[in-house]
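In what follows, a structure is listed as structure tokens, so that the remarks can point back to it.
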Amino acid sequence: MPDLRPQGLPPGYRCRSATTADAAAIHGLVAACERALHGRPETAADRIAAELALPGLRPEYDTLLVHDGTGGPAGYGWVRGRRARVHVHPAHQGRGLGGALLAWAESRARQAGSDRLAQTVPDTDRAATALLRAGGYGPLVTEWLLEIALPGEPEVPDPPAGITVRPFRQGDEQAAYQLTEDAFDEWQPRRKTYEEWARRTVERAAFLPAASPLAFAGDQLIGAVLSLDVPGNDEGYVERVAVRRDHRDRGIARTLLREAFRSFHRLGRPACTLWTHSGTGALPLYERLGMTVRRSSTVYGKALGTD
């Protein structure tokens, strides 16, 4: 079993692997970090639970939860393949926990056979950015959180001729998986299994079929918007947008997004948000729909040598 003790853990802290029973405590830690950076929490509790239960993740090896002397969560690390997450509670920052967790993440990734590691950091988090850059990480892509206000009911254009639109319903899962993974294959580093994809989308408690419109050409699914109703957040959130390649540039994505916006407006949501990044080339589409950038993050990556 790999040694879970990170090098350089400051005195007074102890660590152990996380379990699914820790999801609420980890969410509280992440929410505290987001509140300090952005003024409010943004990550849903069910996202943490879903990530701890992803197929192939071995929490006893791939997670690390750091506690302070009172037993409260002070830091958290998560590694899966070439991706890592590191969070340090604002009350415990500046003490070396971030560096210790980052070193642990790199060591764990090497043990698991990964030759690279990447982490996403908000551009407003200057301390984390400096830590990564000092550790040899360089920027890979930019991510943007986009928003649109919904003061009135959005107009929804008619779909193109031959295309029908309806909300997501039970039985659409496999077709939606195939469509979205085919679309994301153009830029994502690896294709997700159905089990992993479902845990991140349609099996989440926050998944909202009523605001997840699908587009069909005959009986073939050719477009999808998958949305979440995140507890504790009064805004709508679009998790996935995909249109089959041979049906792009026909206004299908615009129609589906407008349909999702209208659904969120009818649910009383004052705004809707979604993430996109520079690898997709989709930013101009969202800007034409009236969405604007609320904030940005950068994905930093590093080639891993041997310990």
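Convention: chains lettered A, B, ... in structure tokens order; per-chain residue numbering from 1; ligands numbered from 1 as shown.
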
Check the DSSP output for the backbone and give back, as a PDB file with all heavy atoms, in the first residue's frame, the residues of region 10-136 of chain A in strand (DSSP E or B).
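Full text of result-v3.pdb as output:
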```
ATOM      1  N   ARG A  14      -2.953  16.028  10.955  1.00  0.00           N
ATOM      2  CA  ARG A  14      -2.911  14.593  10.676  1.00  0.00           C
ATOM      3  C   ARG A  14      -3.755  14.328   9.435  1.00  0.00           C
ATOM      4  O   ARG A  14      -4.598  15.150   9.044  1.00  0.00           O
ATOM      5  CB  ARG A  14      -3.430  13.787  11.865  1.00  0.00           C
ATOM      6  CG  ARG A  14      -4.794  14.202  12.357  1.00  0.00           C
ATOM      7  CD  ARG A  14      -5.145  13.547  13.682  1.00  0.00           C
ATOM      8  NE  ARG A  14      -6.406  14.045  14.227  1.00  0.00           N
ATOM      9  CZ  ARG A  14      -7.587  13.594  13.891  1.00  0.00           C
ATOM     10  NH1 ARG A  14      -7.691  12.623  12.979  1.00  0.00           N
ATOM     11  NH2 ARG A  14      -8.686  14.092  14.423  1.00  0.00           N
ATOM     12  N   CYS A  15      -3.537  13.191   8.805  1.00  0.00           N
ATOM     13  CA  CYS A  15      -4.216  12.919   7.545  1.00  0.00           C
ATOM     14  C   CYS A  15      -4.646  11.461   7.465  1.00  0.00           C
ATOM     15  O   CYS A  15      -4.109  10.592   8.154  1.00  0.00           O
ATOM     16  CB  CYS A  15      -3.313  13.277   6.359  1.00  0.00           C
ATOM     17  SG  CYS A  15      -1.760  12.366   6.311  1.00  0.00           S
ATOM     18  N   ARG A  16      -5.597  11.239   6.598  1.00  0.00           N
ATOM     19  CA  ARG A  16      -6.091   9.897   6.303  1.00  0.00           C
ATOM     20  C   ARG A  16      -6.782   9.941   4.957  1.00  0.00           C
ATOM     21  O   ARG A  16      -7.049  11.018   4.400  1.00  0.00           O
ATOM     22  CB  ARG A  16      -7.069   9.421   7.375  1.00  0.00           C
ATOM     23  CG  ARG A  16      -8.339  10.264   7.482  1.00  0.00           C
ATOM     24  CD  ARG A  16      -9.357   9.617   8.403  1.00  0.00           C
ATOM     25  NE  ARG A  16     -10.517  10.460   8.656  1.00  0.00           N
ATOM     26  CZ  ARG A  16     -11.567  10.572   7.852  1.00  0.00           C
ATOM     27  NH1 ARG A  16     -11.591   9.907   6.686  1.00  0.00           N
ATOM     28  NH2 ARG A  16     -12.581  11.352   8.169  1.00  0.00           N
ATOM     29  N   THR A  63      -7.216   9.664  -2.442  1.00  0.00           N
ATOM     30  CA  THR A  63      -7.709  10.831  -1.717  1.00  0.00           C
ATOM     31  C   THR A  63      -6.900  11.016  -0.440  1.00  0.00           C
ATOM     32  O   THR A  63      -6.345  10.054   0.107  1.00  0.00           O
ATOM     33  CB  THR A  63      -9.196  10.701  -1.351  1.00  0.00           C
ATOM     34  OG1 THR A  63      -9.363   9.633  -0.406  1.00  0.00           O
ATOM     35  CG2 THR A  63     -10.050  10.423  -2.583  1.00  0.00           C
ATOM     36  N   LEU A  64      -6.855  12.233   0.026  1.00  0.00           N
ATOM     37  CA  LEU A  64      -6.176  12.534   1.283  1.00  0.00           C
ATOM     38  C   LEU A  64      -6.932  13.674   1.963  1.00  0.00           C
ATOM     39  O   LEU A  64      -7.144  14.744   1.367  1.00  0.00           O
ATOM     40  CB  LEU A  64      -4.731  12.955   1.044  1.00  0.00           C
ATOM     41  CG  LEU A  64      -3.839  12.942   2.282  1.00  0.00           C
ATOM     42  CD1 LEU A  64      -3.587  11.511   2.756  1.00  0.00           C
ATOM     43  CD2 LEU A  64      -2.514  13.630   2.003  1.00  0.00           C
ATOM     44  N   LEU A  65      -7.363  13.434   3.183  1.00  0.00           N
ATOM     45  CA  LEU A  65      -8.096  14.419   3.968  1.00  0.00           C
ATOM     46  C   LEU A  65      -7.224  14.799   5.165  1.00  0.00           C
ATOM     47  O   LEU A  65      -6.811  13.935   5.932  1.00  0.00           O
ATOM     48  CB  LEU A  65      -9.430  13.833   4.433  1.00  0.00           C
ATOM     49  CG  LEU A  65     -10.412  14.757   5.139  1.00  0.00           C
ATOM     50  CD1 LEU A  65     -10.761  15.958   4.262  1.00  0.00           C
ATOM     51  CD2 LEU A  65     -11.680  13.985   5.514  1.00  0.00           C
ATOM     52  N   VAL A  66      -6.942  16.091   5.284  1.00  0.00           N
ATOM     53  CA  VAL A  66      -6.087  16.600   6.357  1.00  0.00           C
ATOM     54  C   VAL A  66      -6.958  17.257   7.423  1.00  0.00           C
ATOM     55  O   VAL A  66      -7.831  18.071   7.106  1.00  0.00           O
ATOM     56  CB  VAL A  66      -5.060  17.615   5.817  1.00  0.00           C
ATOM     57  CG1 VAL A  66      -4.194  18.149   6.951  1.00  0.00           C
ATOM     58  CG2 VAL A  66      -4.185  16.982   4.741  1.00  0.00           C
ATOM     59  N   HIS A  67      -6.738  16.898   8.683  1.00  0.00           N
ATOM     60  CA  HIS A  67      -7.458  17.477   9.808  1.00  0.00           C
ATOM     61  C   HIS A  67      -6.517  18.306  10.674  1.00  0.00           C
ATOM     62  O   HIS A  67      -5.328  17.997  10.784  1.00  0.00           O
ATOM     63  CB  HIS A  67      -8.085  16.379  10.673  1.00  0.00           C
ATOM     64  CG  HIS A  67      -9.202  15.656  10.011  1.00  0.00           C
ATOM     65  ND1 HIS A  67      -9.014  14.518   9.260  1.00  0.00           N
ATOM     66  CD2 HIS A  67     -10.532  15.913   9.986  1.00  0.00           C
ATOM     67  CE1 HIS A  67     -10.185  14.098   8.798  1.00  0.00           C
ATOM     68  NE2 HIS A  67     -11.126  14.926   9.229  1.00  0.00           N
ATOM     69  N   PRO A  73     -11.759  19.573   9.126  1.00  0.00           N
ATOM     70  CA  PRO A  73     -11.058  19.427   7.846  1.00  0.00           C
ATOM     71  C   PRO A  73     -10.285  20.684   7.489  1.00  0.00           C
ATOM     72  O   PRO A  73     -10.841  21.780   7.481  1.00  0.00           O
ATOM     73  CB  PRO A  73     -12.186  19.156   6.844  1.00  0.00           C
ATOM     74  CG  PRO A  73     -13.410  19.744   7.474  1.00  0.00           C
ATOM     75  CD  PRO A  73     -13.230  19.610   8.954  1.00  0.00           C
ATOM     76  N   ALA A  74      -9.008  20.517   7.214  1.00  0.00           N
ATOM     77  CA  ALA A  74      -8.144  21.650   6.881  1.00  0.00           C
ATOM     78  C   ALA A  74      -7.687  21.618   5.428  1.00  0.00           C
ATOM     79  O   ALA A  74      -7.365  22.662   4.852  1.00  0.00           O
ATOM     80  CB  ALA A  74      -6.936  21.664   7.797  1.00  0.00           C
ATOM     81  N   GLY A  75      -7.624  20.427   4.825  1.00  0.00           N
ATOM     82  CA  GLY A  75      -7.178  20.309   3.450  1.00  0.00           C
ATOM     83  C   GLY A  75      -7.665  19.009   2.834  1.00  0.00           C
ATOM     84  O   GLY A  75      -8.012  18.056   3.554  1.00  0.00           O
ATOM     85  N   TYR A  76      -7.693  18.996   1.505  1.00  0.00           N
ATOM     86  CA  TYR A  76      -8.195  17.813   0.796  1.00  0.00           C
ATOM     87  C   TYR A  76      -7.464  17.687  -0.523  1.00  0.00           C
ATOM     88  O   TYR A  76      -7.244  18.668  -1.240  1.00  0.00           O
ATOM     89  CB  TYR A  76      -9.692  17.966   0.548  1.00  0.00           C
ATOM     90  CG  TYR A  76     -10.309  16.877  -0.309  1.00  0.00           C
ATOM     91  CD1 TYR A  76     -10.314  15.550   0.110  1.00  0.00           C
ATOM     92  CD2 TYR A  76     -10.906  17.174  -1.538  1.00  0.00           C
ATOM     93  CE1 TYR A  76     -10.890  14.553  -0.656  1.00  0.00           C
ATOM     94  CE2 TYR A  76     -11.484  16.191  -2.314  1.00  0.00           C
ATOM     95  CZ  TYR A  76     -11.478  14.883  -1.875  1.00  0.00           C
ATOM     96  OH  TYR A  76     -12.050  13.894  -2.650  1.00  0.00           O
ATOM     97  N   GLY A  77      -7.051  16.461  -0.850  1.00  0.00           N
ATOM     98  CA  GLY A  77      -6.444  16.167  -2.137  1.00  0.00           C
ATOM     99  C   GLY A  77      -7.134  14.996  -2.798  1.00  0.00           C
ATOM    100  O   GLY A  77      -7.574  14.051  -2.115  1.00  0.00           O
ATOM    101  N   TRP A  78      -7.247  15.046  -4.119  1.00  0.00           N
ATOM    102  CA  TRP A  78      -7.945  14.023  -4.922  1.00  0.00           C
ATOM    103  C   TRP A  78      -7.166  13.861  -6.218  1.00  0.00           C
ATOM    104  O   TRP A  78      -6.814  14.856  -6.866  1.00  0.00           O
ATOM    105  CB  TRP A  78      -9.369  14.499  -5.178  1.00  0.00           C
ATOM    106  CG  TRP A  78     -10.261  13.674  -6.045  1.00  0.00           C
ATOM    107  CD1 TRP A  78     -11.201  12.766  -5.627  1.00  0.00           C
ATOM    108  CD2 TRP A  78     -10.390  13.716  -7.479  1.00  0.00           C
ATOM    109  NE1 TRP A  78     -11.890  12.249  -6.705  1.00  0.00           N
ATOM    110  CE2 TRP A  78     -11.406  12.813  -7.858  1.00  0.00           C
ATOM    111  CE3 TRP A  78      -9.733  14.438  -8.492  1.00  0.00           C
ATOM    112  CZ2 TRP A  78     -11.775  12.600  -9.187  1.00  0.00           C
ATOM    113  CZ3 TRP A  78     -10.093  14.229  -9.815  1.00  0.00           C
ATOM    114  CH2 TRP A  78     -11.103  13.311 -10.146  1.00  0.00           C
ATOM    115  N   VAL A  79      -6.863  12.632  -6.584  1.00  0.00           N
ATOM    116  CA  VAL A  79      -6.114  12.356  -7.812  1.00  0.00           C
ATOM    117  C   VAL A  79      -6.822  11.252  -8.576  1.00  0.00           C
ATOM    118  O   VAL A  79      -7.188  10.218  -8.001  1.00  0.00           O
ATOM    119  CB  VAL A  79      -4.669  11.920  -7.521  1.00  0.00           C
ATOM    120  CG1 VAL A  79      -3.936  11.584  -8.815  1.00  0.00           C
ATOM    121  CG2 VAL A  79      -3.923  12.999  -6.765  1.00  0.00           C
ATOM    122  N   ARG A  80      -6.997  11.467  -9.876  1.00  0.00           N
ATOM    123  CA  ARG A  80      -7.550  10.415 -10.740  1.00  0.00           C
ATOM    124  C   ARG A  80      -6.918  10.549 -12.105  1.00  0.00           C
ATOM    125  O   ARG A  80      -7.136  11.539 -12.803  1.00  0.00           O
ATOM    126  CB  ARG A  80      -9.070  10.511 -10.844  1.00  0.00           C
ATOM    127  CG  ARG A  80      -9.703   9.319 -11.567  1.00  0.00           C
ATOM    128  CD  ARG A  80     -11.212   9.345 -11.397  1.00  0.00           C
ATOM    129  NE  ARG A  80     -11.827   8.149 -11.939  1.00  0.00           N
ATOM    130  CZ  ARG A  80     -12.260   8.039 -13.196  1.00  0.00           C
ATOM    131  NH1 ARG A  80     -12.144   9.067 -14.029  1.00  0.00           N
ATOM    132  NH2 ARG A  80     -12.806   6.919 -13.622  1.00  0.00           N
ATOM    133  N   ARG A  83      -5.514  14.006 -13.534  1.00  0.00           N
ATOM    134  CA  ARG A  83      -6.154  15.182 -12.942  1.00  0.00           C
ATOM    135  C   ARG A  83      -6.067  15.139 -11.418  1.00  0.00           C
ATOM    136  O   ARG A  83      -6.132  14.068 -10.822  1.00  0.00           O
ATOM    137  CB  ARG A  83      -7.618  15.276 -13.358  1.00  0.00           C
ATOM    138  CG  ARG A  83      -7.846  15.540 -14.841  1.00  0.00           C
ATOM    139  CD  ARG A  83      -7.133  16.791 -15.323  1.00  0.00           C
ATOM    140  NE  ARG A  83      -7.544  17.982 -14.634  1.00  0.00           N
ATOM    141  CZ  ARG A  83      -8.285  18.952 -15.185  1.00  0.00           C
ATOM    142  NH1 ARG A  83      -8.694  18.863 -16.435  1.00  0.00           N
ATOM    143  NH2 ARG A  83      -8.599  20.029 -14.479  1.00  0.00           N
ATOM    144  N   ALA A  84      -5.919  16.315 -10.842  1.00  0.00           N
ATOM    145  CA  ALA A  84      -5.854  16.433  -9.390  1.00  0.00           C
ATOM    146  C   ALA A  84      -6.683  17.617  -8.936  1.00  0.00           C
ATOM    147  O   ALA A  84      -6.916  18.577  -9.694  1.00  0.00           O
ATOM    148  CB  ALA A  84      -4.407  16.611  -8.931  1.00  0.00           C
ATOM    149  N   ARG A  85      -7.142  17.539  -7.689  1.00  0.00           N
ATOM    150  CA  ARG A  85      -7.766  18.678  -7.018  1.00  0.00           C
ATOM    151  C   ARG A  85      -7.086  18.825  -5.661  1.00  0.00           C
ATOM    152  O   ARG A  85      -6.884  17.840  -4.952  1.00  0.00           O
ATOM    153  CB  ARG A  85      -9.265  18.463  -6.812  1.00  0.00           C
ATOM    154  CG  ARG A  85     -10.067  18.299  -8.086  1.00  0.00           C
ATOM    155  CD  ARG A  85     -11.558  18.298  -7.762  1.00  0.00           C
ATOM    156  NE  ARG A  85     -12.343  17.824  -8.873  1.00  0.00           N
ATOM    157  CZ  ARG A  85     -12.669  18.560  -9.944  1.00  0.00           C
ATOM    158  NH1 ARG A  85     -12.253  19.812  -9.998  1.00  0.00           N
ATOM    159  NH2 ARG A  85     -13.382  18.058 -10.926  1.00  0.00           N
ATOM    160  N   VAL A  86      -6.771  20.051  -5.295  1.00  0.00           N
ATOM    161  CA  VAL A  86      -6.191  20.339  -3.990  1.00  0.00           C
ATOM    162  C   VAL A  86      -6.935  21.544  -3.417  1.00  0.00           C
ATOM    163  O   VAL A  86      -7.076  22.571  -4.081  1.00  0.00           O
ATOM    164  CB  VAL A  86      -4.687  20.645  -4.083  1.00  0.00           C
ATOM    165  CG1 VAL A  86      -4.166  21.188  -2.756  1.00  0.00           C
ATOM    166  CG2 VAL A  86      -3.904  19.392  -4.483  1.00  0.00           C
ATOM    167  N   HIS A  87      -7.436  21.398  -2.190  1.00  0.00           N
ATOM    168  CA  HIS A  87      -8.135  22.484  -1.516  1.00  0.00           C
ATOM    169  C   HIS A  87      -7.560  22.639  -0.110  1.00  0.00           C
ATOM    170  O   HIS A  87      -7.345  21.643   0.588  1.00  0.00           O
ATOM    171  CB  HIS A  87      -9.641  22.202  -1.406  1.00  0.00           C
ATOM    172  CG  HIS A  87     -10.324  22.022  -2.723  1.00  0.00           C
ATOM    173  ND1 HIS A  87     -10.716  23.081  -3.507  1.00  0.00           N
ATOM    174  CD2 HIS A  87     -10.687  20.893  -3.389  1.00  0.00           C
ATOM    175  CE1 HIS A  87     -11.297  22.622  -4.607  1.00  0.00           C
ATOM    176  NE2 HIS A  87     -11.279  21.307  -4.555  1.00  0.00           N
ATOM    177  N   VAL A  88      -7.342  23.878   0.305  1.00  0.00           N
ATOM    178  CA  VAL A  88      -6.909  24.180   1.667  1.00  0.00           C
ATOM    179  C   VAL A  88      -7.883  25.200   2.246  1.00  0.00           C
ATOM    180  O   VAL A  88      -8.144  26.247   1.625  1.00  0.00           O
ATOM    181  CB  VAL A  88      -5.474  24.733   1.707  1.00  0.00           C
ATOM    182  CG1 VAL A  88      -5.091  25.116   3.134  1.00  0.00           C
ATOM    183  CG2 VAL A  88      -4.486  23.708   1.150  1.00  0.00           C
ATOM    184  N   ARG A 116       1.812  12.706 -16.478  1.00  0.00           N
ATOM    185  CA  ARG A 116       1.506  14.125 -16.403  1.00  0.00           C
ATOM    186  C   ARG A 116       0.448  14.335 -15.323  1.00  0.00           C
ATOM    187  O   ARG A 116      -0.289  13.406 -14.962  1.00  0.00           O
ATOM    188  CB  ARG A 116       0.976  14.688 -17.731  1.00  0.00           C
ATOM    189  CG  ARG A 116       1.953  14.604 -18.893  1.00  0.00           C
ATOM    190  CD  ARG A 116       1.448  15.418 -20.077  1.00  0.00           C
ATOM    191  NE  ARG A 116       1.321  16.833 -19.752  1.00  0.00           N
ATOM    192  CZ  ARG A 116       2.323  17.709 -19.814  1.00  0.00           C
ATOM    193  NH1 ARG A 116       3.538  17.317 -20.191  1.00  0.00           N
ATOM    194  NH2 ARG A 116       2.127  18.978 -19.507  1.00  0.00           N
ATOM    195  N   LEU A 117       0.346  15.569 -14.850  1.00  0.00           N
ATOM    196  CA  LEU A 117      -0.692  15.915 -13.883  1.00  0.00           C
ATOM    197  C   LEU A 117      -1.175  17.325 -14.188  1.00  0.00           C
ATOM    198  O   LEU A 117      -0.377  18.207 -14.523  1.00  0.00           O
ATOM    199  CB  LEU A 117      -0.162  15.848 -12.453  1.00  0.00           C
ATOM    200  CG  LEU A 117      -1.212  15.863 -11.345  1.00  0.00           C
ATOM    201  CD1 LEU A 117      -2.093  14.616 -11.417  1.00  0.00           C
ATOM    202  CD2 LEU A 117      -0.559  15.955  -9.968  1.00  0.00           C
ATOM    203  N   ALA A 118      -2.481  17.523 -14.058  1.00  0.00           N
ATOM    204  CA  ALA A 118      -3.074  18.830 -14.325  1.00  0.00           C
ATOM    205  C   ALA A 118      -4.033  19.194 -13.205  1.00  0.00           C
ATOM    206  O   ALA A 118      -4.650  18.319 -12.578  1.00  0.00           O
ATOM    207  CB  ALA A 118      -3.809  18.829 -15.665  1.00  0.00           C
ATOM    208  N   GLN A 119      -4.162  20.481 -12.979  1.00  0.00           N
ATOM    209  CA  GLN A 119      -5.060  20.994 -11.955  1.00  0.00           C
ATOM    210  C   GLN A 119      -5.636  22.317 -12.424  1.00  0.00           C
ATOM    211  O   GLN A 119      -4.933  23.138 -13.016  1.00  0.00           O
ATOM    212  CB  GLN A 119      -4.313  21.178 -10.633  1.00  0.00           C
ATOM    213  CG  GLN A 119      -5.200  21.612  -9.481  1.00  0.00           C
ATOM    214  CD  GLN A 119      -4.425  21.694  -8.181  1.00  0.00           C
ATOM    215  OE1 GLN A 119      -3.382  21.076  -8.023  1.00  0.00           O
ATOM    216  NE2 GLN A 119      -4.931  22.455  -7.232  1.00  0.00           N
ATOM    217  N   THR A 120      -6.921  22.549 -12.138  1.00  0.00           N
ATOM    218  CA  THR A 120      -7.592  23.789 -12.506  1.00  0.00           C
ATOM    219  C   THR A 120      -7.593  24.732 -11.312  1.00  0.00           C
ATOM    220  O   THR A 120      -7.959  24.342 -10.198  1.00  0.00           O
ATOM    221  CB  THR A 120      -9.034  23.520 -12.940  1.00  0.00           C
ATOM    222  OG1 THR A 120      -9.032  22.597 -14.034  1.00  0.00           O
ATOM    223  CG2 THR A 120      -9.714  24.808 -13.396  1.00  0.00           C
ATOM    224  N   VAL A 121      -7.201  25.987 -11.551  1.00  0.00           N
ATOM    225  CA  VAL A 121      -7.104  26.972 -10.479  1.00  0.00           C
ATOM    226  C   VAL A 121      -7.799  28.264 -10.920  1.00  0.00           C
ATOM    227  O   VAL A 121      -7.545  28.752 -12.029  1.00  0.00           O
ATOM    228  CB  VAL A 121      -5.630  27.266 -10.143  1.00  0.00           C
ATOM    229  CG1 VAL A 121      -5.516  28.382  -9.103  1.00  0.00           C
ATOM    230  CG2 VAL A 121      -4.939  26.012  -9.633  1.00  0.00           C
ATOM    231  N   PRO A 122      -8.679  28.822 -10.083  1.00  0.00           N
ATOM    232  CA  PRO A 122      -9.270  30.130 -10.417  1.00  0.00           C
ATOM    233  C   PRO A 122      -8.185  31.178 -10.594  1.00  0.00           C
ATOM    234  O   PRO A 122      -7.203  31.206  -9.836  1.00  0.00           O
ATOM    235  CB  PRO A 122     -10.148  30.435  -9.191  1.00  0.00           C
ATOM    236  CG  PRO A 122     -10.425  29.108  -8.568  1.00  0.00           C
ATOM    237  CD  PRO A 122      -9.202  28.284  -8.813  1.00  0.00           C
TER     238      PRO A 122
END
```

- Who sits within 10 Å of Arg200 (chain A), only C-alpha atoms, same chain under 2 positions skipped, as a PyMOL selection string: chain A and resi 46-51+53-54+194-198+202-204+207+239

- What is the distance, in Å and to one decimal place, between CA of Thr276 (chain A) and CA of Thr298 (chain A)?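 CA of Thr298 (chain A) lies at a distance of 11.5 Å from CA of Thr276 (chain A).
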
- Message: I'd like the contact shell of region 260-275 of chain A - 8 Å cut-off, only C-alpha atoms, skipping same-chain residues fewer than 6 positions apart - returned as a list in words.
- Response: Glu143, Trp144, Leu145, Leu146, Glu147, Ile148, Ala149, Leu150, Pro151, Gly152, Glu153, Pro154, Glu155, Val156, Ala210, Ala211, Ser212, Pro213, Val225, Ser227, Asp234, Glu235, Gly236, Tyr237, Val238 and Glu239 of chain A

Residues within 8 Å of Asp115 (chain A), only C-alpha atoms, excluding chain neighbours under 2 positions, as a short mmCIF file (atom, residue, chain, number, x, y, z; two decimals) with C-alpha atoms, in the first residue's frame:
```cif
data_model
loop_
_atom_site.label_atom_id
_atom_site.label_comp_id
_atom_site.auth_asym_id
_atom_site.auth_seq_id
_atom_site.Cartn_x
_atom_site.Cartn_y
_atom_site.Cartn_z
CA ARG A 82 -3.84 12.88 -14.91
CA ALA A 109 -0.03 10.09 -9.81
CA ARG A 110 3.41 8.62 -10.46
CA GLY A 113 1.47 5.28 -13.74
CA LEU A 117 -0.69 15.92 -13.88
CA ALA A 303 5.23 16.41 -16.91
CA LEU A 304 6.06 14.08 -14.03
CA GLY A 305 9.50 12.63 -13.61
#
```

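Proximity of A:Gly12, A:Glu42, A:Leu208, A:Pro6 to Gly69 (chain A), computed with only C-alpha atoms, is greatest for A:Gly12.
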
- Item | Closest of A:Asp22, A:Tyr61, A:Thr124, A:Ser17 to Gln111 (chain A) - atom-to-atom distances counting only C-alpha atoms |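 Ranking A:Asp22, A:Tyr61, A:Thr124, A:Ser17 by distance to Gln111 (chain A), first place goes to A:Tyr61.
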
- Between A:Ala127, A:Ile163, A:Ala36, A:Ala134, single out the one closest to Pro90 (chain A), counting only C-alpha atoms.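 Nearest candidate to Pro90 (chain A) out of A:Ala127, A:Ile163, A:Ala36, A:Ala134: A:Ala36.
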
- Message: I need the residues in region 155-237 of chain A that are alpha helix (DSSP H) according to DSSP; give them as a PyMOL selection string.
- Response: chain A and resi 173-184+194-200

- With a distance cut-off of 8 Å and only C-alpha atoms, select the neighbouring residues of Ala100 (chain A), excluding the residue or stretch itself and same-chain residues fewer than 6 positions from it, and output the selection as a PyMOL selection string. chain A and resi 6-9

Can those selected residues be exported to a file as a PDB file, in the first residue's frame so that it contains all heavy atoms?
```pdb
ATOM      1  N   PRO A   6       1.987  12.839   3.342  1.00  0.00           N
ATOM      2  CA  PRO A   6       2.654  13.776   2.435  1.00  0.00           C
ATOM      3  C   PRO A   6       3.929  14.328   3.043  1.00  0.00           C
ATOM      4  O   PRO A   6       4.011  14.535   4.261  1.00  0.00           O
ATOM      5  CB  PRO A   6       1.607  14.882   2.247  1.00  0.00           C
ATOM      6  CG  PRO A   6       0.771  14.827   3.478  1.00  0.00           C
ATOM      7  CD  PRO A   6       0.748  13.377   3.902  1.00  0.00           C
ATOM      8  N   GLN A   7       4.921  14.564   2.209  1.00  0.00           N
ATOM      9  CA  GLN A   7       6.154  15.167   2.681  1.00  0.00           C
ATOM     10  C   GLN A   7       5.879  16.618   3.080  1.00  0.00           C
ATOM     11  O   GLN A   7       5.189  17.346   2.380  1.00  0.00           O
ATOM     12  CB  GLN A   7       7.214  15.122   1.574  1.00  0.00           C
ATOM     13  CG  GLN A   7       7.606  13.720   1.161  1.00  0.00           C
ATOM     14  CD  GLN A   7       8.320  12.970   2.281  1.00  0.00           C
ATOM     15  OE1 GLN A   7       9.170  13.533   2.968  1.00  0.00           O
ATOM     16  NE2 GLN A   7       7.966  11.702   2.469  1.00  0.00           N
ATOM     17  N   GLY A   8       6.415  17.029   4.216  1.00  0.00           N
ATOM     18  CA  GLY A   8       6.300  18.423   4.607  1.00  0.00           C
ATOM     19  C   GLY A   8       4.983  18.804   5.247  1.00  0.00           C
ATOM     20  O   GLY A   8       4.661  20.003   5.311  1.00  0.00           O
ATOM     21  N   LEU A   9       4.183  17.828   5.723  1.00  0.00           N
ATOM     22  CA  LEU A   9       2.936  18.171   6.400  1.00  0.00           C
ATOM     23  C   LEU A   9       3.280  18.940   7.670  1.00  0.00           C
ATOM     24  O   LEU A   9       4.056  18.460   8.506  1.00  0.00           O
ATOM     25  CB  LEU A   9       2.152  16.913   6.738  1.00  0.00           C
ATOM     26  CG  LEU A   9       0.731  17.122   7.290  1.00  0.00           C
ATOM     27  CD1 LEU A   9      -0.170  17.693   6.207  1.00  0.00           C
ATOM     28  CD2 LEU A   9       0.159  15.813   7.806  1.00  0.00           C
TER      29      LEU A   9
END
```

- Considering only C-alpha atoms, state which residue in the set A:Pro209, A:Gly136, A:Gly71, A:Gly99 is at the smallest distance from Pro10 (chain A).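 Ranked by minimum distance to Pro10 (chain A), first place goes to A:Gly99.
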
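CA of Arg166 (chain A) lies 6.8 Å from CA of Ala215 (chain A).
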